[in-house]
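Undergrad: Dropping in structure_3.pdb, with PDB, C-alpha atoms, pLDDT in the B column.
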ATOM      1  CA  MET A  21     -12.714  36.204 -38.082  1.00 40.00           C
ATOM      2  CA  ALA A  22     -11.812  32.502 -38.060  1.00 42.00           C
ATOM      3  CA  VAL A  23     -13.029  30.219 -35.286  1.00 43.00           C
ATOM      4  CA  ALA A  24     -11.247  27.015 -34.387  1.00 41.00           C
ATOM      5  CA  LEU A  25     -13.171  24.188 -32.781  1.00 45.00           C
ATOM      6  CA  LEU A  26     -11.238  21.687 -30.740  1.00 44.00           C
ATOM      7  CA  PHE A  27     -12.609  18.281 -29.840  1.00 45.00           C
ATOM      8  CA  PHE A  28     -11.096  16.123 -27.156  1.00 47.00           C
ATOM      9  CA  ASP A  29     -11.618  12.389 -27.001  1.00 52.00           C
ATOM     10  CA  LEU A  30     -11.581  11.883 -23.239  1.00 57.00           C
ATOM     11  CA  GLN A  31     -11.734   8.119 -23.603  1.00 60.00           C
ATOM     12  CA  ASN A  32      -8.625   7.956 -25.759  1.00 58.00           C
ATOM     13  CA  THR A  33      -5.950   9.443 -23.489  1.00 63.00           C
ATOM     14  CA  THR A  34      -2.295   8.502 -23.522  1.00 72.00           C
ATOM     15  CA  GLU A  35      -2.121   8.256 -19.740  1.00 71.00           C
ATOM     16  CA  PRO A  36      -1.945   4.733 -18.352  1.00 75.00           C
ATOM     17  CA  PRO A  37      -4.949   3.507 -16.367  1.00 78.00           C
ATOM     18  CA  VAL A  38      -4.731   4.007 -12.607  1.00 81.00           C
ATOM     19  CA  VAL A  39      -4.188   0.739 -10.764  1.00 85.00           C
ATOM     20  CA  VAL A  40      -5.497   0.692  -7.200  1.00 88.00           C
ATOM     21  CA  GLU A  41      -3.933  -1.746  -4.741  1.00 89.00           C
ATOM     22  CA  THR A  42      -6.399  -4.000  -2.920  1.00 90.00           C
ATOM     23  CA  LEU A  43      -6.152  -6.560  -0.125  1.00 90.00           C
ATOM     24  CA  ALA A  44      -6.144  -9.249  -2.822  1.00 91.00           C
ATOM     25  CA  ASP A  45      -2.755  -7.865  -3.958  1.00 89.00           C
ATOM     26  CA  VAL A  46      -1.165  -8.296  -0.519  1.00 89.00           C
ATOM     27  CA  PRO A  47       0.697 -11.577   0.063  1.00 87.00           C
ATOM     28  CA  GLU A  48      -0.968 -13.821   2.651  1.00 87.00           C
ATOM     29  CA  HIS A  49       2.121 -13.880   4.899  1.00 81.00           C
ATOM     30  CA  VAL A  50       1.960 -10.079   5.152  1.00 83.00           C
ATOM     31  CA  LEU A  51      -1.656 -10.170   6.319  1.00 86.00           C
ATOM     32  CA  ARG A  52      -0.865 -12.924   8.865  1.00 84.00           C
ATOM     33  CA  GLY A  53       2.055 -10.902  10.215  1.00 82.00           C
ATOM     34  CA  LEU A  54       0.121  -7.726  10.991  1.00 85.00           C
ATOM     35  CA  PRO A  55      -0.105  -6.836  14.685  1.00 84.00           C
ATOM     36  CA  GLU A  56      -3.607  -7.218  16.106  1.00 83.00           C
ATOM     37  CA  ASP A  57      -4.231  -3.480  16.439  1.00 87.00           C
ATOM     38  CA  VAL A  58      -3.431  -2.507  12.851  1.00 89.00           C
ATOM     39  CA  ARG A  59      -5.215  -3.038   9.551  1.00 92.00           C
ATOM     40  CA  LEU A  60      -4.600  -2.236   5.903  1.00 92.00           C
ATOM     41  CA  PHE A  61      -6.915   0.394   4.413  1.00 92.00           C
ATOM     42  CA  PRO A  62      -6.538   2.891   1.538  1.00 93.00           C
ATOM     43  CA  SER A  63      -3.606   5.207   2.209  1.00 91.00           C
ATOM     44  CA  ALA A  64      -4.177   8.817   3.214  1.00 91.00           C
ATOM     45  CA  VAL A  65      -0.999   9.731   1.314  1.00 91.00           C
ATOM     46  CA  ASP A  66      -1.455   7.820  -1.949  1.00 90.00           C
ATOM     47  CA  LYS A  67      -5.049   6.810  -2.749  1.00 88.00           C
ATOM     48  CA  THR A  68      -3.831   4.083  -5.122  1.00 91.00           C
ATOM     49  CA  ARG A  69      -1.998   2.228  -2.328  1.00 91.00           C
ATOM     50  CA  LEU A  70      -2.864   0.601   0.961  1.00 91.00           C
ATOM     51  CA  GLY A  71      -1.638   2.069   4.218  1.00 90.00           C
ATOM     52  CA  VAL A  72      -1.263   0.765   7.754  1.00 89.00           C
ATOM     53  CA  TRP A  73      -3.937   2.108  10.114  1.00 92.00           C
ATOM     54  CA  ALA A  74      -4.330   1.637  13.854  1.00 92.00           C
ATOM     55  CA  THR A  75      -7.717   0.352  14.999  1.00 93.00           C
ATOM     56  CA  LYS A  76      -7.153   1.918  18.423  1.00 93.00           C
ATOM     57  CA  SER A  77      -4.532   4.120  20.075  1.00 93.00           C
ATOM     58  CA  ILE A  78      -1.090   2.541  20.299  1.00 89.00           C
ATOM     59  CA  LEU A  79       0.968   3.601  23.285  1.00 91.00           C
ATOM     60  CA  LYS A  80       4.440   4.986  22.695  1.00 91.00           C
ATOM     61  CA  GLY A  81       7.022   2.222  23.072  1.00 89.00           C
ATOM     62  CA  LYS A  82       4.553  -0.591  22.268  1.00 87.00           C
ATOM     63  CA  LYS A  83       6.378  -3.620  20.896  1.00 84.00           C
ATOM     64  CA  PHE A  84       4.837  -5.909  18.316  1.00 80.00           C
ATOM     65  CA  GLY A  85       5.669  -9.559  17.913  1.00 74.00           C
ATOM     66  CA  PRO A  86       6.572 -12.236  17.626  1.00 74.00           C
ATOM     67  CA  PHE A  87       8.005 -11.777  14.149  1.00 72.00           C
ATOM     68  CA  VAL A  88       6.271 -13.915  11.499  1.00 69.00           C
ATOM     69  CA  GLY A  89       8.234 -14.784   8.381  1.00 72.00           C
ATOM     70  CA  ASP A  90      11.784 -15.278   7.208  1.00 78.00           C
ATOM     71  CA  LYS A  91      14.432 -12.869   8.454  1.00 82.00           C
ATOM     72  CA  LYS A  92      16.510 -11.471   5.598  1.00 83.00           C
ATOM     73  CA  LYS A  93      19.553  -9.285   5.224  1.00 86.00           C
ATOM     74  CA  ARG A  94      19.067  -5.986   3.393  1.00 83.00           C
ATOM     75  CA  SER A  95      21.026  -7.366   0.446  1.00 88.00           C
ATOM     76  CA  GLN A  96      18.463 -10.195   0.109  1.00 88.00           C
ATOM     77  CA  VAL A  97      15.437  -7.890  -0.065  1.00 83.00           C
ATOM     78  CA  LYS A  98      14.193  -7.236  -3.600  1.00 83.00           C
ATOM     79  CA  SER A  99      11.160  -5.144  -2.616  1.00 79.00           C
ATOM     80  CA  ASN A 100      10.471  -3.488   0.727  1.00 78.00           C
ATOM     81  CA  VAL A 101       6.889  -2.523  -0.123  1.00 76.00           C
ATOM     82  CA  TYR A 102       5.374  -4.618   2.686  1.00 72.00           C
ATOM     83  CA  MET A 103       8.193  -4.264   5.207  1.00 70.00           C
ATOM     84  CA  TRP A 104       8.943  -2.128   8.231  1.00 65.00           C
ATOM     85  CA  GLU A 105      11.504  -2.212  11.005  1.00 62.00           C
TER      86      GLU A 105
END
Render the structure in this file as structure tokens.
TA:
Amino acid sequence: MAVALLFFDLQNTTEPPVVVETLADVPEHVLRGLPEDVRLFPSAVDKTRLGVWATKSILKGKKFGPFVGDKKKRSQVKSNVYMWE
């Protein structure tokens, strides 16, 4: 009976390294524009990204503002990663 031995080099995988988003990756204007009751922390959906978390309960219908930044039309937006309506 022949026996085959397989060796795996776990340090030499073809998968790209996982990049985890940090607060240092977030543009300063995004951080300045966050409402006072929300913060950016690791996402519960995608552990490699940041998510928006409430620091206390936010009542239904609560409005945030004033808007900080430049208003743009959808056609002017290249990336909506740090944007919400």
Undergrad: Once the PyMOL selection byres ((chain A and resi 69) around 12) has been applied to the shown file, what residues remain in the selection, as a list in words?
TA: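 Taken on the displayed file, the PyMOL selection byres ((chain A and resi 69) around 12) yields the residues Val38, Val39, Val40, Glu41, Thr42, Leu43, Asp45, Val46, Leu60, Phe61, Pro62, Ser63, Ala64, Val65, Asp66, Lys67, Thr68, Leu70, Gly71, Val72, Val101 and Tyr102 of chain A.
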Undergrad: What's around A:Pro86 at 12 Å? Count only C-alpha atoms, leave out sequence neighbours fewer than 5 positions away in its own chain, and write the answer as JSON, numbers by chain.
TA: {"A": [52, 53, 54, 55, 56]}
Undergrad: When you draw a straight line from atom CA of A:Val58 to atom CA of A:Thr75, how long is it in Å?
TA: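 Distance between the two atoms: 5.6 Å.
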Undergrad: For stretch 57-74 of chain A, take all atoms listed in the file, fit an axis-aligned box around them, add 4 Å to each of the six sides, then output centre and edge lengths in Å rounded to one decimal, as JSON.
TA:
{"center_x": -4.0, "center_y": 3.1, "center_z": 5.7, "size_x": 13.9, "size_y": 21.2, "size_z": 29.6}
Undergrad: Using all atoms listed in the file, can you tell me which of A:Glu48, A:Arg59, A:Met103, A:Pro37 comes closest to A:Phe87?
TA: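 Selected residue with least distance to A:Phe87: A:Met103.
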Undergrad: At what distance in Å, to one decimal, does atom CA of A:Leu51 lie from atom CA of A:Lys93?
TA: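 Atom CA of A:Lys93 sits 21.3 Å away from atom CA of A:Leu51.
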Undergrad: Mind giving me the straight-line distance from atom CA of A:Pro47 to atom CA of A:Lys91 in Å, one decimal?
TA: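 Going from atom CA of A:Pro47 over to atom CA of A:Lys91, I get 16.1 Å.
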